[in-house]
Amino acid sequence: MIASIRSWQESLRAFLTPQVVTMLFLGIAAGLPLLLIFSSLSLWLREAGVDRSAVTYFSWAALGYSFKFVWAPLVDVLPLPWLSKLLGRRRSWMLLSQLMIIASILLMSFIDPQQNTLTLMAIAAVLLGFSSATQDVVIDAYRIESADPELQGLMSATYIAGYRIGMLIAGAGALFLASHFGTSFGDYQYQAWQNTYQLMAMTMLIGVVTTLLCREPKLNHALYDSPAQHYMGLLLTFALAVAGFVAVFYFSADYAAQAKAALSAHVYNYELAAVIVEFLRMLGGLSVAVLISVVLIRTPVVDADLVVRSYVDPVRDFFSRYGLSMALLLLALVGLYRISDIVLGVISNVFYQDMGYSKNEIATVVKTFGLFMTIAGGFLGGILSMRYGVMRILFLGAVLSAATNLLFMLLAQTGYDIVMLYIVISADNLSAGLASAAFIAFLSSLTNISFTAVQYAIFSSLMTLLPKILGGYSGSMVETMGYEQFFLLTALLGVPVLLLIAMAAKRFRLQAVAQ
């Protein structure tokens, strides 16, 4: 009993170690940009008179989080002139990404969606998504590399708490500020939203100060010191590949619109036709990007060994450790685990507004109260994972995440009811926090310390890729089938996840017995 008490006291003291405290403030910096792309931006656009379907399309601006594995190798191996020598590799990239985030938020603040074309706002939102995704890559690598394995649980828990506080600032804080400055759904005031986003940009200085004060981690893997021209060749290859990807989307826009109209006449469903056409456009863009990369790699411009170390070795290591069939099963689980809550979450703020809740009520119940429920769920998930094992709590989290989506059906039937909103948010956020804690522990266990940034970026990118693509169509789906049927669909999307967890747990048990 005394030993147990002593261990609890030591665990509490560990929360005060510099590395763990640092993760709290870095978590705030990481969580703040997300809702400035999702829910807060959604309400801004709706107040400006933008259609619901167009609002949810803006969630695609956050696809940078799902494609960050593409440039994560650059962050892992590419030194920044002057900054890397001054701050170190991780902190230099962290500072650069934070300055880019501030610039992107300020750019968004100078665009009035009611007066300017939505293209400008979309470009600014994409820049914010790219910058914040880059910051996530660096912070994830910093978290794993700056502390011993025994502290990783506390590092993750503190990071999640900070992340949620950052989301609270950008969610509830932004809504309170916008209301305070005088904007509402029936009385749109651009100046209010401009002031709000500029204050959010200033809040990012928390991350900047933390980056300047924290220590550079002692890396657990060798840094590759290649000639400067090799780094420039790698950067040029990436830039041209991205340009090729964007060019495909730009020049195929008119053809895509015609293809959607033609295909919808055959399938009698425009949303389905749009999904198919956009998926083919994405495949076309990726094919062009890969083709450009392959051509450049075969020239003296790019060092092939550097490309292999940056992109190929992390993937090869994962498949060699788990084998082809097990690796594919794990990747499928990673890609689908959060599909229920992410697809629903894209349109959740619009749903609350449609049900008659004010911005202050959304900020109080959904953002503020929901934050504490999520943090409580996160600590509960961490404790249960240590007590009963990660896979069991991963399964429990998936069950609860899908089941709580059914409560939104009840809320849609009930209409405006503040007590019912508290009940739904309590259940939904508690289960989301529990599932997130177990899932982060699961993802961390899959990474190899030699390829921290790249492998974790791949997993976290895959985690949100399909859900965010589907979430972009959530507005169109709601307009077609209504809220109740949409919430039922999001709950059913979680069923295949349960099967994947059961299969993965069985394979892990068999491997443990064999060893």
# chains A, B, ... in the order shown; residues from 1 in each chain; ligands from 1
$ closest_atom_pairs --of "segment 94-189 of chain A" --to "segment 200-203 of chain A" --cutoff "9 Å" --atoms "only C-alpha atoms" --output "Markdown table"
| residue | atom | partner | partner_atom | distance |
| --- | --- | --- | --- | --- |
| A:Ile101 | CA | A:Ala201 | CA | 7.7 |
| A:Ile102 | CA | A:Ala201 | CA | 4.9 |
| A:Ala103 | CA | A:Ala201 | CA | 7.7 |
| A:Ser104 | CA | A:Ala201 | CA | 8.5 |
| A:Ile105 | CA | A:Ala201 | CA | 5.8 |
| A:Leu106 | CA | A:Ala201 | CA | 6.4 |
| A:Ile169 | CA | A:Met200 | CA | 8.0 |
| A:Ala170 | CA | A:Met200 | CA | 6.8 |
| A:Gly173 | CA | A:Met200 | CA | 8.9 |
| A:Ala174 | CA | A:Met200 | CA | 7.6 |
$ residues_around --residues "Leu470 of chain A" --least-positions-apart "5" --cutoff "9 Å" --atoms "only C-alpha atoms" --output "ChimeraX atom specification"
/A:275,339,343,465
$ residues_around --residues "Ala133 of chain A" --least-positions-apart "6" --cutoff "10 Å" --atoms "only C-alpha atoms" --output "MDAnalysis selection string"
chainID A and resid 30 33:34 62:69 71:72 97 101 127 139 457 461
$ residues_around --residues "Ile342 of chain A" --least-positions-apart "2" --cutoff "9 Å" --atoms "only C-alpha atoms" --output "list in words"
Arg338, Ile339, Ser340, Leu344, Gly345, Val346, Thr464, Pro467, Lys468 and Gly471 of chain A
$ closest_atom_pairs --of "segment 192-221 of chain A" --to "segment 111-125 of chain A" --cutoff "12 Å" --atoms "only C-alpha atoms" --output "CSV"
residue,atom,partner,partner_atom,distance
A:Ala192,CA,A:Asp112,CA,10.9
A:Trp193,CA,A:Asp112,CA,8.9
A:Gln194,CA,A:Ile111,CA,8.1
A:Asn195,CA,A:Ile111,CA,11.8
A:Tyr197,CA,A:Ile111,CA,10.8
A:Gln198,CA,A:Ile111,CA,11.8
$ residues_around --residues "Val277 of chain A" --least-positions-apart "3" --cutoff "12 Å" --atoms "only C-alpha atoms" --output "mmCIF file with N, CA, C and O atoms, in the first residue's frame"
data_model
loop_
_atom_site.group_PDB
_atom_site.id
_atom_site.type_symbol
_atom_site.label_atom_id
_atom_site.label_comp_id
_atom_site.auth_asym_id
_atom_site.auth_seq_id
_atom_site.Cartn_x
_atom_site.Cartn_y
_atom_site.Cartn_z
ATOM 1 N N PHE A 249 -5.350 19.984 -60.623
ATOM 2 C CA PHE A 249 -6.639 20.460 -60.115
ATOM 3 C C PHE A 249 -7.063 21.759 -60.799
ATOM 4 O O PHE A 249 -8.241 21.952 -61.107
ATOM 5 N N SER A 252 -8.039 21.098 -64.571
ATOM 6 C CA SER A 252 -9.125 20.135 -64.790
ATOM 7 C C SER A 252 -10.450 20.609 -64.201
ATOM 8 O O SER A 252 -11.420 19.860 -64.208
ATOM 9 N N ALA A 253 -10.492 21.835 -63.688
ATOM 10 C CA ALA A 253 -11.698 22.322 -63.004
ATOM 11 C C ALA A 253 -12.920 22.302 -63.917
ATOM 12 O O ALA A 253 -13.990 21.794 -63.553
ATOM 13 N N ASP A 254 -12.784 22.844 -65.117
ATOM 14 C CA ASP A 254 -13.928 22.893 -66.041
ATOM 15 C C ASP A 254 -14.348 21.492 -66.486
ATOM 16 O O ASP A 254 -15.543 21.172 -66.548
ATOM 17 N N TYR A 255 -13.361 20.650 -66.774
ATOM 18 C CA TYR A 255 -13.673 19.281 -67.185
ATOM 19 C C TYR A 255 -14.350 18.510 -66.046
ATOM 20 O O TYR A 255 -15.245 17.686 -66.281
ATOM 21 N N ALA A 256 -13.915 18.791 -64.811
ATOM 22 C CA ALA A 256 -14.505 18.111 -63.657
ATOM 23 C C ALA A 256 -15.969 18.483 -63.496
ATOM 24 O O ALA A 256 -16.814 17.623 -63.196
ATOM 25 N N ALA A 257 -16.292 19.757 -63.684
ATOM 26 C CA ALA A 257 -17.679 20.196 -63.571
ATOM 27 C C ALA A 257 -18.560 19.508 -64.618
ATOM 28 O O ALA A 257 -19.680 19.068 -64.321
ATOM 29 N N GLN A 258 -18.037 19.390 -65.832
ATOM 30 C CA GLN A 258 -18.788 18.696 -66.886
ATOM 31 C C GLN A 258 -18.939 17.212 -66.566
ATOM 32 O O GLN A 258 -20.000 16.611 -66.793
ATOM 33 N N ALA A 259 -17.866 16.611 -66.034
ATOM 34 C CA ALA A 259 -17.910 15.189 -65.709
ATOM 35 C C ALA A 259 -18.910 14.907 -64.591
ATOM 36 O O ALA A 259 -19.627 13.897 -64.621
ATOM 37 N N LYS A 260 -18.982 15.797 -63.592
ATOM 38 C CA LYS A 260 -19.947 15.616 -62.510
ATOM 39 C C LYS A 260 -21.376 15.658 -63.037
ATOM 40 O O LYS A 260 -22.219 14.843 -62.641
ATOM 41 N N ALA A 261 -21.636 16.619 -63.919
ATOM 42 C CA ALA A 261 -22.983 16.735 -64.472
ATOM 43 C C ALA A 261 -23.342 15.510 -65.304
ATOM 44 O O ALA A 261 -24.459 14.973 -65.210
ATOM 45 N N ALA A 262 -22.394 15.041 -66.116
ATOM 46 C CA ALA A 262 -22.655 13.886 -66.964
ATOM 47 C C ALA A 262 -22.838 12.611 -66.142
ATOM 48 O O ALA A 262 -23.744 11.817 -66.396
ATOM 49 N N LEU A 263 -21.964 12.437 -65.137
ATOM 50 C CA LEU A 263 -22.049 11.220 -64.327
ATOM 51 C C LEU A 263 -23.293 11.209 -63.453
ATOM 52 O O LEU A 263 -23.915 10.146 -63.249
ATOM 53 N N SER A 264 -23.676 12.367 -62.929
ATOM 54 C CA SER A 264 -24.873 12.418 -62.074
ATOM 55 C C SER A 264 -26.132 12.060 -62.851
ATOM 56 O O SER A 264 -27.097 11.547 -62.272
ATOM 57 N N TYR A 270 -25.960 13.525 -57.496
ATOM 58 C CA TYR A 270 -24.875 14.459 -57.785
ATOM 59 C C TYR A 270 -23.746 14.343 -56.769
ATOM 60 O O TYR A 270 -22.569 14.449 -57.127
ATOM 61 N N GLU A 271 -24.104 14.134 -55.466
ATOM 62 C CA GLU A 271 -23.062 14.039 -54.437
ATOM 63 C C GLU A 271 -22.143 12.859 -54.697
ATOM 64 O O GLU A 271 -20.917 12.959 -54.568
ATOM 65 N N LEU A 272 -22.732 11.706 -55.072
ATOM 66 C CA LEU A 272 -21.919 10.524 -55.377
ATOM 67 C C LEU A 272 -21.041 10.782 -56.593
ATOM 68 O O LEU A 272 -19.862 10.415 -56.614
ATOM 69 N N ALA A 273 -21.614 11.419 -57.605
ATOM 70 C CA ALA A 273 -20.837 11.738 -58.808
ATOM 71 C C ALA A 273 -19.678 12.672 -58.468
ATOM 72 O O ALA A 273 -18.564 12.512 -58.973
ATOM 73 N N ALA A 274 -19.930 13.648 -57.583
ATOM 74 C CA ALA A 274 -18.875 14.584 -57.193
ATOM 75 C C ALA A 274 -17.756 13.867 -56.462
ATOM 76 O O ALA A 274 -16.571 14.137 -56.692
ATOM 77 N N LEU A 280 -10.988 10.841 -58.571
ATOM 78 C CA LEU A 280 -10.185 10.620 -59.770
ATOM 79 C C LEU A 280 -9.232 11.791 -60.012
ATOM 80 O O LEU A 280 -8.088 11.592 -60.447
ATOM 81 N N ARG A 281 -9.696 13.009 -59.724
ATOM 82 C CA ARG A 281 -8.801 14.174 -59.850
ATOM 83 C C ARG A 281 -7.630 14.059 -58.888
ATOM 84 O O ARG A 281 -6.489 14.375 -59.239
ATOM 85 N N MET A 282 -7.914 13.619 -57.666
ATOM 86 C CA MET A 282 -6.844 13.466 -56.685
ATOM 87 C C MET A 282 -5.845 12.405 -57.143
ATOM 88 O O MET A 282 -4.624 12.602 -57.034
ATOM 89 N N LEU A 283 -6.346 11.283 -57.670
ATOM 90 C CA LEU A 283 -5.448 10.248 -58.186
ATOM 91 C C LEU A 283 -4.603 10.790 -59.339
ATOM 92 O O LEU A 283 -3.405 10.494 -59.439
ATOM 93 N N GLY A 284 -5.228 11.588 -60.205
ATOM 94 C CA GLY A 284 -4.486 12.177 -61.310
ATOM 95 C C GLY A 284 -3.392 13.116 -60.828
ATOM 96 O O GLY A 284 -2.267 13.084 -61.330
#
